[in-house]
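Let me begin by presenting the structure, written as C-alpha coordinates, before commenting on it.
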Amino acid sequence: MQLGSVALKEGQTIVNQNLNKFVNIPKLKYYFNVSNSYVLNKLRVLVFSFRQKSWTRLVVRSEHSGQMEGFKPPREDLNAPDLYIPIMAFVTYVLTVGITLNSRKKFEPEVLGMTSSTALVIIAFEVLVFKLACYLLNVVTEVPFLDLISYCGYKFVPVLFCLILNLVLPMTAVVYGALAYLIISYSFFTLRSVKYLVLPESSTSTLVAHQRQQRIYLLF
(Lines give C-alpha, C1' and ligand atoms only; values in the text may rest on other atoms or scores of the structure.)
Protein backbone atom coordinates (compact mmCIF):
# COMPACT_ATOMS: atom_id res chain seq x y z
CA MET A 1 0.00 0.00 0.00
CA GLN A 2 2.79 2.41 0.92
CA LEU A 3 4.69 1.58 -2.27
CA GLY A 4 1.55 2.22 -4.30
CA SER A 5 0.87 5.59 -2.65
CA VAL A 6 4.48 6.67 -3.17
CA ALA A 7 4.32 5.68 -6.85
CA LEU A 8 1.02 7.57 -7.21
CA LYS A 9 2.47 10.73 -5.67
CA GLU A 10 5.53 10.54 -7.91
CA GLY A 11 3.28 10.04 -10.92
CA GLN A 12 1.19 13.09 -9.99
CA THR A 13 4.35 15.14 -9.55
CA ILE A 14 5.63 14.15 -13.00
CA VAL A 15 2.25 14.93 -14.60
CA ASN A 16 2.06 18.33 -12.90
CA GLN A 17 5.60 19.24 -13.94
CA ASN A 18 4.98 18.31 -17.57
CA LEU A 19 1.57 19.96 -17.58
CA ASN A 20 2.97 23.23 -16.25
CA LYS A 21 5.31 23.37 -19.24
CA PHE A 22 2.35 23.76 -21.59
CA VAL A 23 -0.40 25.21 -19.37
CA ASN A 24 -0.04 27.98 -16.81
CA ILE A 25 -2.12 26.32 -14.10
CA PRO A 26 -2.11 29.26 -11.61
CA LYS A 27 -3.21 31.62 -14.39
CA LEU A 28 -5.90 29.19 -15.51
CA LYS A 29 -7.22 28.86 -11.95
CA TYR A 30 -7.86 32.61 -11.95
CA TYR A 31 -10.66 32.16 -14.50
CA PHE A 32 -12.39 29.53 -12.38
CA ASN A 33 -12.19 31.44 -9.10
CA VAL A 34 -15.92 32.10 -9.00
CA SER A 35 -18.72 31.96 -6.46
CA ASN A 36 -22.44 31.27 -6.69
CA SER A 37 -23.29 34.94 -6.28
CA TYR A 38 -20.82 35.87 -9.04
CA VAL A 39 -22.37 33.38 -11.47
CA LEU A 40 -25.91 34.59 -10.80
CA ASN A 41 -24.96 38.25 -11.05
CA LYS A 42 -22.91 37.65 -14.21
CA LEU A 43 -25.87 35.97 -15.87
CA ARG A 44 -27.98 38.94 -14.87
CA VAL A 45 -25.48 41.32 -16.46
CA LEU A 46 -25.40 39.26 -19.65
CA VAL A 47 -29.18 39.33 -19.95
CA PHE A 48 -29.70 42.91 -18.71
CA SER A 49 -26.41 44.51 -19.68
CA PHE A 50 -28.01 47.95 -20.17
CA ARG A 51 -28.66 48.16 -16.43
CA GLN A 52 -25.01 47.70 -15.49
CA LYS A 53 -23.55 51.05 -14.44
CA SER A 54 -19.89 50.34 -13.74
CA TRP A 55 -17.70 48.41 -16.19
CA THR A 56 -14.33 49.18 -14.63
CA ARG A 57 -12.30 46.17 -13.54
CA LEU A 58 -10.89 46.14 -10.03
CA VAL A 59 -7.12 45.98 -9.81
CA VAL A 60 -4.69 44.50 -7.30
CA ARG A 61 -1.97 46.90 -6.15
CA SER A 62 1.26 46.31 -4.32
CA GLU A 63 1.14 47.14 -0.63
CA HIS A 64 4.62 48.68 -0.81
CA SER A 65 4.79 50.57 -4.10
CA GLY A 66 1.10 50.91 -4.89
CA GLN A 67 1.73 49.79 -8.46
CA MET A 68 -0.79 47.64 -10.28
CA GLU A 69 0.01 43.94 -10.09
CA GLY A 70 -3.01 42.57 -11.90
CA PHE A 71 -6.78 42.30 -11.72
CA LYS A 72 -8.95 40.87 -8.98
CA PRO A 73 -10.46 37.43 -9.69
CA PRO A 74 -14.08 36.97 -10.76
CA ARG A 75 -15.09 36.05 -7.22
CA GLU A 76 -14.23 39.62 -6.16
CA ASP A 77 -15.01 41.51 -9.35
CA LEU A 78 -18.21 41.15 -11.37
CA ASN A 79 -16.54 42.69 -14.43
CA ALA A 80 -13.72 40.14 -14.52
CA PRO A 81 -13.88 37.52 -17.29
CA ASP A 82 -14.21 33.88 -16.31
CA LEU A 83 -14.23 30.54 -18.08
CA TYR A 84 -16.67 28.73 -15.81
CA ILE A 85 -19.80 30.28 -17.34
CA PRO A 86 -18.66 29.95 -20.99
CA ILE A 87 -17.69 26.29 -20.55
CA MET A 88 -20.86 25.36 -18.69
CA ALA A 89 -22.97 27.28 -21.22
CA PHE A 90 -21.13 25.59 -24.10
CA VAL A 91 -21.68 22.08 -22.73
CA THR A 92 -25.32 22.81 -21.92
CA TYR A 93 -25.80 24.34 -25.37
CA VAL A 94 -24.54 21.18 -27.11
CA LEU A 95 -26.77 18.97 -24.95
CA THR A 96 -29.78 21.23 -25.51
CA VAL A 97 -29.28 21.04 -29.26
CA GLY A 98 -29.40 17.25 -28.93
CA ILE A 99 -32.57 17.43 -26.82
CA THR A 100 -34.20 19.80 -29.32
CA LEU A 101 -33.42 17.52 -32.26
CA ASN A 102 -34.59 14.49 -30.30
CA SER A 103 -37.94 16.18 -29.65
CA ARG A 104 -38.28 16.53 -33.42
CA LYS A 105 -37.23 12.92 -34.05
CA LYS A 106 -34.12 14.13 -35.91
CA PHE A 107 -31.41 13.29 -33.39
CA GLU A 108 -28.23 11.51 -34.46
CA PRO A 109 -25.14 11.06 -32.23
CA GLU A 110 -22.92 12.69 -34.85
CA VAL A 111 -24.81 15.94 -34.42
CA LEU A 112 -23.30 16.52 -30.98
CA GLY A 113 -19.77 16.28 -32.36
CA MET A 114 -20.55 18.53 -35.31
CA THR A 115 -22.25 21.10 -33.08
CA SER A 116 -19.39 21.27 -30.58
CA SER A 117 -16.73 21.36 -33.32
CA THR A 118 -18.49 24.14 -35.21
CA ALA A 119 -18.91 26.19 -32.05
CA LEU A 120 -15.23 25.82 -31.13
CA VAL A 121 -14.14 26.81 -34.63
CA ILE A 122 -16.30 29.94 -34.44
CA ILE A 123 -14.78 30.91 -31.09
CA ALA A 124 -11.24 30.35 -32.38
CA PHE A 125 -11.97 32.39 -35.51
CA GLU A 126 -13.37 35.31 -33.49
CA VAL A 127 -10.38 35.33 -31.15
CA LEU A 128 -7.89 35.28 -34.03
CA VAL A 129 -9.74 38.07 -35.87
CA PHE A 130 -9.72 40.24 -32.75
CA LYS A 131 -6.01 39.60 -32.15
CA LEU A 132 -5.23 40.40 -35.78
CA ALA A 133 -7.28 43.60 -35.62
CA CYS A 134 -5.42 44.66 -32.44
CA TYR A 135 -2.10 44.04 -34.19
CA LEU A 136 -3.10 46.04 -37.28
CA LEU A 137 -4.36 48.93 -35.14
CA ASN A 138 -1.18 48.85 -33.04
CA VAL A 139 -2.96 48.14 -29.77
CA VAL A 140 -0.03 47.87 -27.39
CA THR A 141 -2.14 46.66 -24.45
CA GLU A 142 -1.61 42.97 -23.80
CA VAL A 143 -4.76 41.14 -24.84
CA PRO A 144 -4.82 37.74 -23.08
CA PHE A 145 -6.18 34.88 -25.17
CA LEU A 146 -8.15 33.54 -22.20
CA ASP A 147 -9.89 36.90 -21.76
CA LEU A 148 -10.98 36.85 -25.40
CA ILE A 149 -12.08 33.21 -25.19
CA SER A 150 -14.16 34.15 -22.17
CA TYR A 151 -15.85 37.13 -23.82
CA CYS A 152 -16.51 35.18 -27.02
CA GLY A 153 -17.77 32.19 -25.04
CA TYR A 154 -20.40 34.24 -23.23
CA LYS A 155 -22.45 34.18 -26.45
CA PHE A 156 -23.60 30.67 -25.58
CA VAL A 157 -25.65 32.10 -22.71
CA PRO A 158 -28.17 34.05 -24.85
CA VAL A 159 -28.26 31.28 -27.45
CA LEU A 160 -28.93 28.72 -24.71
CA PHE A 161 -31.73 30.84 -23.25
CA CYS A 162 -33.41 30.96 -26.66
CA LEU A 163 -33.07 27.20 -27.19
CA ILE A 164 -34.65 26.52 -23.82
CA LEU A 165 -37.39 29.06 -24.52
CA ASN A 166 -38.08 27.34 -27.83
CA LEU A 167 -38.48 24.02 -26.01
CA VAL A 168 -40.76 25.42 -23.33
CA LEU A 169 -42.69 27.91 -25.46
CA PRO A 170 -42.33 27.02 -29.15
CA MET A 171 -43.68 30.28 -30.54
CA THR A 172 -41.59 31.67 -33.39
CA ALA A 173 -42.34 35.33 -32.73
CA VAL A 174 -41.48 35.09 -29.03
CA VAL A 175 -38.27 33.14 -29.63
CA TYR A 176 -37.00 35.46 -32.36
CA GLY A 177 -37.95 38.50 -30.31
CA ALA A 178 -36.03 37.18 -27.31
CA LEU A 179 -33.08 36.27 -29.55
CA ALA A 180 -32.93 39.76 -31.02
CA TYR A 181 -32.96 41.37 -27.57
CA LEU A 182 -30.36 38.98 -26.14
CA ILE A 183 -28.03 39.53 -29.12
CA ILE A 184 -28.21 43.29 -28.59
CA SER A 185 -27.66 42.89 -24.85
CA TYR A 186 -24.69 40.56 -25.40
CA SER A 187 -23.21 42.92 -28.01
CA PHE A 188 -23.45 45.84 -25.59
CA PHE A 189 -21.91 43.72 -22.85
CA THR A 190 -18.98 42.72 -25.07
CA LEU A 191 -18.41 46.26 -26.29
CA ARG A 192 -18.21 47.67 -22.78
CA SER A 193 -16.19 44.74 -21.45
CA VAL A 194 -13.38 44.82 -24.03
CA LYS A 195 -13.17 48.59 -24.09
CA TYR A 196 -10.40 48.53 -21.47
CA LEU A 197 -8.32 46.41 -23.87
CA VAL A 198 -8.77 48.56 -26.96
CA LEU A 199 -9.08 51.99 -25.36
CA PRO A 200 -7.25 51.88 -22.01
CA GLU A 201 -7.60 55.06 -19.99
CA SER A 202 -3.83 55.53 -19.81
CA SER A 203 -3.51 55.80 -23.59
CA THR A 204 -6.72 57.62 -24.45
CA SER A 205 -5.10 61.05 -24.23
CA THR A 206 -2.11 60.02 -26.38
CA LEU A 207 -4.13 58.61 -29.28
CA VAL A 208 -4.60 60.80 -32.32
CA ALA A 209 -8.12 61.29 -33.65
CA HIS A 210 -7.99 58.74 -36.49
CA GLN A 211 -6.39 56.06 -34.25
CA ARG A 212 -9.12 56.50 -31.66
CA GLN A 213 -11.78 56.36 -34.37
CA GLN A 214 -10.35 53.15 -35.83
CA ARG A 215 -10.33 51.49 -32.43
CA ILE A 216 -13.92 52.53 -31.84
CA TYR A 217 -14.80 50.87 -35.15
CA LEU A 218 -13.08 47.72 -33.87
CA LEU A 219 -15.33 47.68 -30.84
CA PHE A 220 -18.38 47.67 -33.08
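For the C-alpha coordinates, the naming scheme is as follows: chains receive sequential letters (A, B, ...) according to their order of presentation, residues are indexed from 1 within each chain, and ligands are indexed from 1 in presentation order.
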
(message) Report as a PyMOL selection string all protein, DNA and RNA residues lying within 12 Å of Thr96 in chain A, evaluated on only C-alpha atoms, omitting residues in the same chain fewer than 2 positions from it.
(response) chain A and resi 88-94+98-103+107+111-112+115-116+156-157+159-168

(message) as a VMD selection string, please: every residue in range 39-218 of chain A that a backbone DSSP assignment puts in alpha helix (DSSP H).
(response) chain A and resid 39 to 47 84 to 103 109 to 136 145 to 153 156 to 168 172 to 193 195 to 198 201 to 204 209 to 218

(request) Would you list the contacts of Thr190 in chain A as a PyMOL selection string, taking every protein, DNA or RNA residue within 12 Å and counting only C-alpha atoms, but skipping same-chain residues closer than 3 positions in sequence? (result) chain A and resi 45-47+49-50+55+79+81+147-155+183-187+193-198+218-220

Selection to disk with N, CA and C atoms, as a PDB file, in the first residue's frame:
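As a result, out_12.pdb now contains:
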ATOM      1  N   VAL A  45     -26.109  40.284 -15.641  1.00  0.00           N
ATOM      2  CA  VAL A  45     -25.476  41.321 -16.459  1.00  0.00           C
ATOM      3  C   VAL A  45     -25.538  40.960 -17.939  1.00  0.00           C
ATOM      4  N   LEU A  46     -25.349  39.695 -18.254  1.00  0.00           N
ATOM      5  CA  LEU A  46     -25.397  39.262 -19.647  1.00  0.00           C
ATOM      6  C   LEU A  46     -26.785  39.460 -20.250  1.00  0.00           C
ATOM      7  N   VAL A  47     -27.805  39.211 -19.450  1.00  0.00           N
ATOM      8  CA  VAL A  47     -29.181  39.330 -19.949  1.00  0.00           C
ATOM      9  C   VAL A  47     -29.663  40.780 -19.906  1.00  0.00           C
ATOM     10  N   SER A  49     -27.674  43.773 -19.690  1.00  0.00           N
ATOM     11  CA  SER A  49     -26.407  44.513 -19.685  1.00  0.00           C
ATOM     12  C   SER A  49     -26.611  46.022 -19.644  1.00  0.00           C
ATOM     13  N   PHE A  50     -27.762  46.504 -20.129  1.00  0.00           N
ATOM     14  CA  PHE A  50     -28.011  47.946 -20.166  1.00  0.00           C
ATOM     15  C   PHE A  50     -28.188  48.532 -18.766  1.00  0.00           C
ATOM     16  N   TRP A  55     -18.358  49.449 -15.410  1.00  0.00           N
ATOM     17  CA  TRP A  55     -17.702  48.407 -16.194  1.00  0.00           C
ATOM     18  C   TRP A  55     -16.202  48.365 -15.918  1.00  0.00           C
ATOM     19  N   ASN A  79     -16.942  42.363 -13.059  1.00  0.00           N
ATOM     20  CA  ASN A  79     -16.541  42.694 -14.430  1.00  0.00           C
ATOM     21  C   ASN A  79     -15.365  41.860 -14.932  1.00  0.00           C
ATOM     22  N   PRO A  81     -13.478  38.652 -16.449  1.00  0.00           N
ATOM     23  CA  PRO A  81     -13.884  37.521 -17.292  1.00  0.00           C
ATOM     24  C   PRO A  81     -13.608  36.194 -16.594  1.00  0.00           C
ATOM     25  N   ASP A 147      -8.873  35.856 -21.894  1.00  0.00           N
ATOM     26  CA  ASP A 147      -9.891  36.899 -21.764  1.00  0.00           C
ATOM     27  C   ASP A 147     -10.803  36.904 -22.986  1.00  0.00           C
ATOM     28  N   LEU A 148     -10.202  36.824 -24.163  1.00  0.00           N
ATOM     29  CA  LEU A 148     -10.975  36.847 -25.402  1.00  0.00           C
ATOM     30  C   LEU A 148     -11.844  35.603 -25.532  1.00  0.00           C
ATOM     31  N   ILE A 149     -11.291  34.445 -25.155  1.00  0.00           N
ATOM     32  CA  ILE A 149     -12.084  33.215 -25.193  1.00  0.00           C
ATOM     33  C   ILE A 149     -13.293  33.339 -24.267  1.00  0.00           C
ATOM     34  N   SER A 150     -13.068  33.954 -23.112  1.00  0.00           N
ATOM     35  CA  SER A 150     -14.161  34.151 -22.167  1.00  0.00           C
ATOM     36  C   SER A 150     -15.251  35.042 -22.754  1.00  0.00           C
ATOM     37  N   TYR A 151     -14.861  36.198 -23.277  1.00  0.00           N
ATOM     38  CA  TYR A 151     -15.849  37.134 -23.819  1.00  0.00           C
ATOM     39  C   TYR A 151     -16.582  36.536 -25.018  1.00  0.00           C
ATOM     40  N   CYS A 152     -15.862  35.815 -25.879  1.00  0.00           N
ATOM     41  CA  CYS A 152     -16.511  35.177 -27.024  1.00  0.00           C
ATOM     42  C   CYS A 152     -17.409  34.029 -26.581  1.00  0.00           C
ATOM     43  N   GLY A 153     -17.000  33.332 -25.524  1.00  0.00           N
ATOM     44  CA  GLY A 153     -17.770  32.190 -25.043  1.00  0.00           C
ATOM     45  C   GLY A 153     -19.059  32.566 -24.346  1.00  0.00           C
ATOM     46  N   TYR A 154     -19.165  33.812 -23.896  1.00  0.00           N
ATOM     47  CA  TYR A 154     -20.403  34.236 -23.230  1.00  0.00           C
ATOM     48  C   TYR A 154     -21.595  34.213 -24.180  1.00  0.00           C
ATOM     49  N   LYS A 155     -21.352  34.172 -25.496  1.00  0.00           N
ATOM     50  CA  LYS A 155     -22.451  34.180 -26.449  1.00  0.00           C
ATOM     51  C   LYS A 155     -23.336  32.948 -26.333  1.00  0.00           C
ATOM     52  N   ILE A 183     -29.196  39.229 -28.275  1.00  0.00           N
ATOM     53  CA  ILE A 183     -28.031  39.532 -29.115  1.00  0.00           C
ATOM     54  C   ILE A 183     -27.586  40.970 -28.889  1.00  0.00           C
ATOM     55  N   ILE A 184     -28.546  41.883 -28.831  1.00  0.00           N
ATOM     56  CA  ILE A 184     -28.214  43.292 -28.586  1.00  0.00           C
ATOM     57  C   ILE A 184     -27.596  43.464 -27.200  1.00  0.00           C
ATOM     58  N   SER A 185     -28.175  42.790 -26.211  1.00  0.00           N
ATOM     59  CA  SER A 185     -27.660  42.886 -24.849  1.00  0.00           C
ATOM     60  C   SER A 185     -26.248  42.313 -24.763  1.00  0.00           C
ATOM     61  N   TYR A 186     -26.021  41.171 -25.410  1.00  0.00           N
ATOM     62  CA  TYR A 186     -24.688  40.564 -25.403  1.00  0.00           C
ATOM     63  C   TYR A 186     -23.684  41.444 -26.139  1.00  0.00           C
ATOM     64  N   SER A 187     -24.103  42.044 -27.242  1.00  0.00           N
ATOM     65  CA  SER A 187     -23.207  42.919 -28.007  1.00  0.00           C
ATOM     66  C   SER A 187     -22.798  44.128 -27.174  1.00  0.00           C
ATOM     67  N   SER A 193     -17.152  45.560 -22.170  1.00  0.00           N
ATOM     68  CA  SER A 193     -16.192  44.735 -21.446  1.00  0.00           C
ATOM     69  C   SER A 193     -14.791  44.804 -22.050  1.00  0.00           C
ATOM     70  N   VAL A 194     -14.706  44.819 -23.382  1.00  0.00           N
ATOM     71  CA  VAL A 194     -13.383  44.816 -24.034  1.00  0.00           C
ATOM     72  C   VAL A 194     -12.864  46.227 -24.286  1.00  0.00           C
ATOM     73  N   LYS A 195     -13.617  47.215 -23.884  1.00  0.00           N
ATOM     74  CA  LYS A 195     -13.172  48.595 -24.094  1.00  0.00           C
ATOM     75  C   LYS A 195     -11.848  48.869 -23.393  1.00  0.00           C
ATOM     76  N   TYR A 196     -11.639  48.273 -22.224  1.00  0.00           N
ATOM     77  CA  TYR A 196     -10.397  48.527 -21.472  1.00  0.00           C
ATOM     78  C   TYR A 196      -9.191  47.959 -22.189  1.00  0.00           C
ATOM     79  N   LEU A 197      -9.417  46.985 -23.101  1.00  0.00           N
ATOM     80  CA  LEU A 197      -8.320  46.411 -23.867  1.00  0.00           C
ATOM     81  C   LEU A 197      -7.958  47.275 -25.069  1.00  0.00           C
ATOM     82  N   VAL A 198      -8.982  47.801 -25.727  1.00  0.00           N
ATOM     83  CA  VAL A 198      -8.772  48.563 -26.960  1.00  0.00           C
ATOM     84  C   VAL A 198      -8.512  50.037 -26.681  1.00  0.00           C
ATOM     85  N   LEU A 218     -13.387  49.096 -34.256  1.00  0.00           N
ATOM     86  CA  LEU A 218     -13.079  47.716 -33.870  1.00  0.00           C
ATOM     87  C   LEU A 218     -14.051  47.207 -32.812  1.00  0.00           C
ATOM     88  N   LEU A 219     -14.413  48.083 -31.884  1.00  0.00           N
ATOM     89  CA  LEU A 219     -15.335  47.684 -30.837  1.00  0.00           C
ATOM     90  C   LEU A 219     -16.693  47.294 -31.408  1.00  0.00           C
ATOM     91  N   PHE A 220     -17.087  47.978 -32.486  1.00  0.00           N
ATOM     92  CA  PHE A 220     -18.382  47.668 -33.081  1.00  0.00           C
ATOM     93  C   PHE A 220     -18.272  46.544 -34.097  1.00  0.00           C
TER      94      PHE A 220
END

Excluding Val60 in chain A and any residue of its chain fewer than 3 positions from it, enumerate the residues within 8 Å of it, using only C-alpha atoms, and give them as a PDB file with N, CA and C atoms, in the first residue's frame.
ATOM      1  N   MET A  68       0.168  48.672  -9.896  1.00  0.00           N
ATOM      2  CA  MET A  68      -0.786  47.643 -10.281  1.00  0.00           C
ATOM      3  C   MET A  68      -0.071  46.320 -10.532  1.00  0.00           C
ATOM      4  N   GLU A  69      -0.584  45.258  -9.928  1.00  0.00           N
ATOM      5  CA  GLU A  69       0.009  43.935 -10.091  1.00  0.00           C
ATOM      6  C   GLU A  69      -0.875  43.000 -10.908  1.00  0.00           C
ATOM      7  N   GLY A  70      -2.090  43.407 -11.142  1.00  0.00           N
ATOM      8  CA  GLY A  70      -3.015  42.569 -11.901  1.00  0.00           C
ATOM      9  C   GLY A  70      -4.449  42.949 -11.583  1.00  0.00           C
ATOM     10  N   PHE A  71      -5.358  42.070 -11.969  1.00  0.00           N
ATOM     11  CA  PHE A  71      -6.779  42.305 -11.721  1.00  0.00           C
ATOM     12  C   PHE A  71      -7.300  41.327 -10.676  1.00  0.00           C
ATOM     13  N   LYS A  72      -8.325  41.746  -9.966  1.00  0.00           N
ATOM     14  CA  LYS A  72      -8.949  40.871  -8.981  1.00  0.00           C
ATOM     15  C   LYS A  72      -9.702  39.751  -9.690  1.00  0.00           C
TER      16      LYS A  72
END

(message) Can you tell me, as a VMD selection string, which residues in range 15-201 of chain A count as strand (DSSP E or B) by DSSP?
(response) chain A and resid 59 to 61 68 to 71

(request) Give the answer as one residue: which of A:Leu83, A:Ala133, A:Val127, A:Leu120 has the shortest atom-to-atom distance to Lys42 in chain A, using only C-alpha atoms? (result)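 That would be A:Leu83, the residue with the smallest distance to Lys42 in chain A.
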
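If you look at CA of Pro86 in chain A and CA of Val143 in chain A, they are 18.3 Å away from each other.
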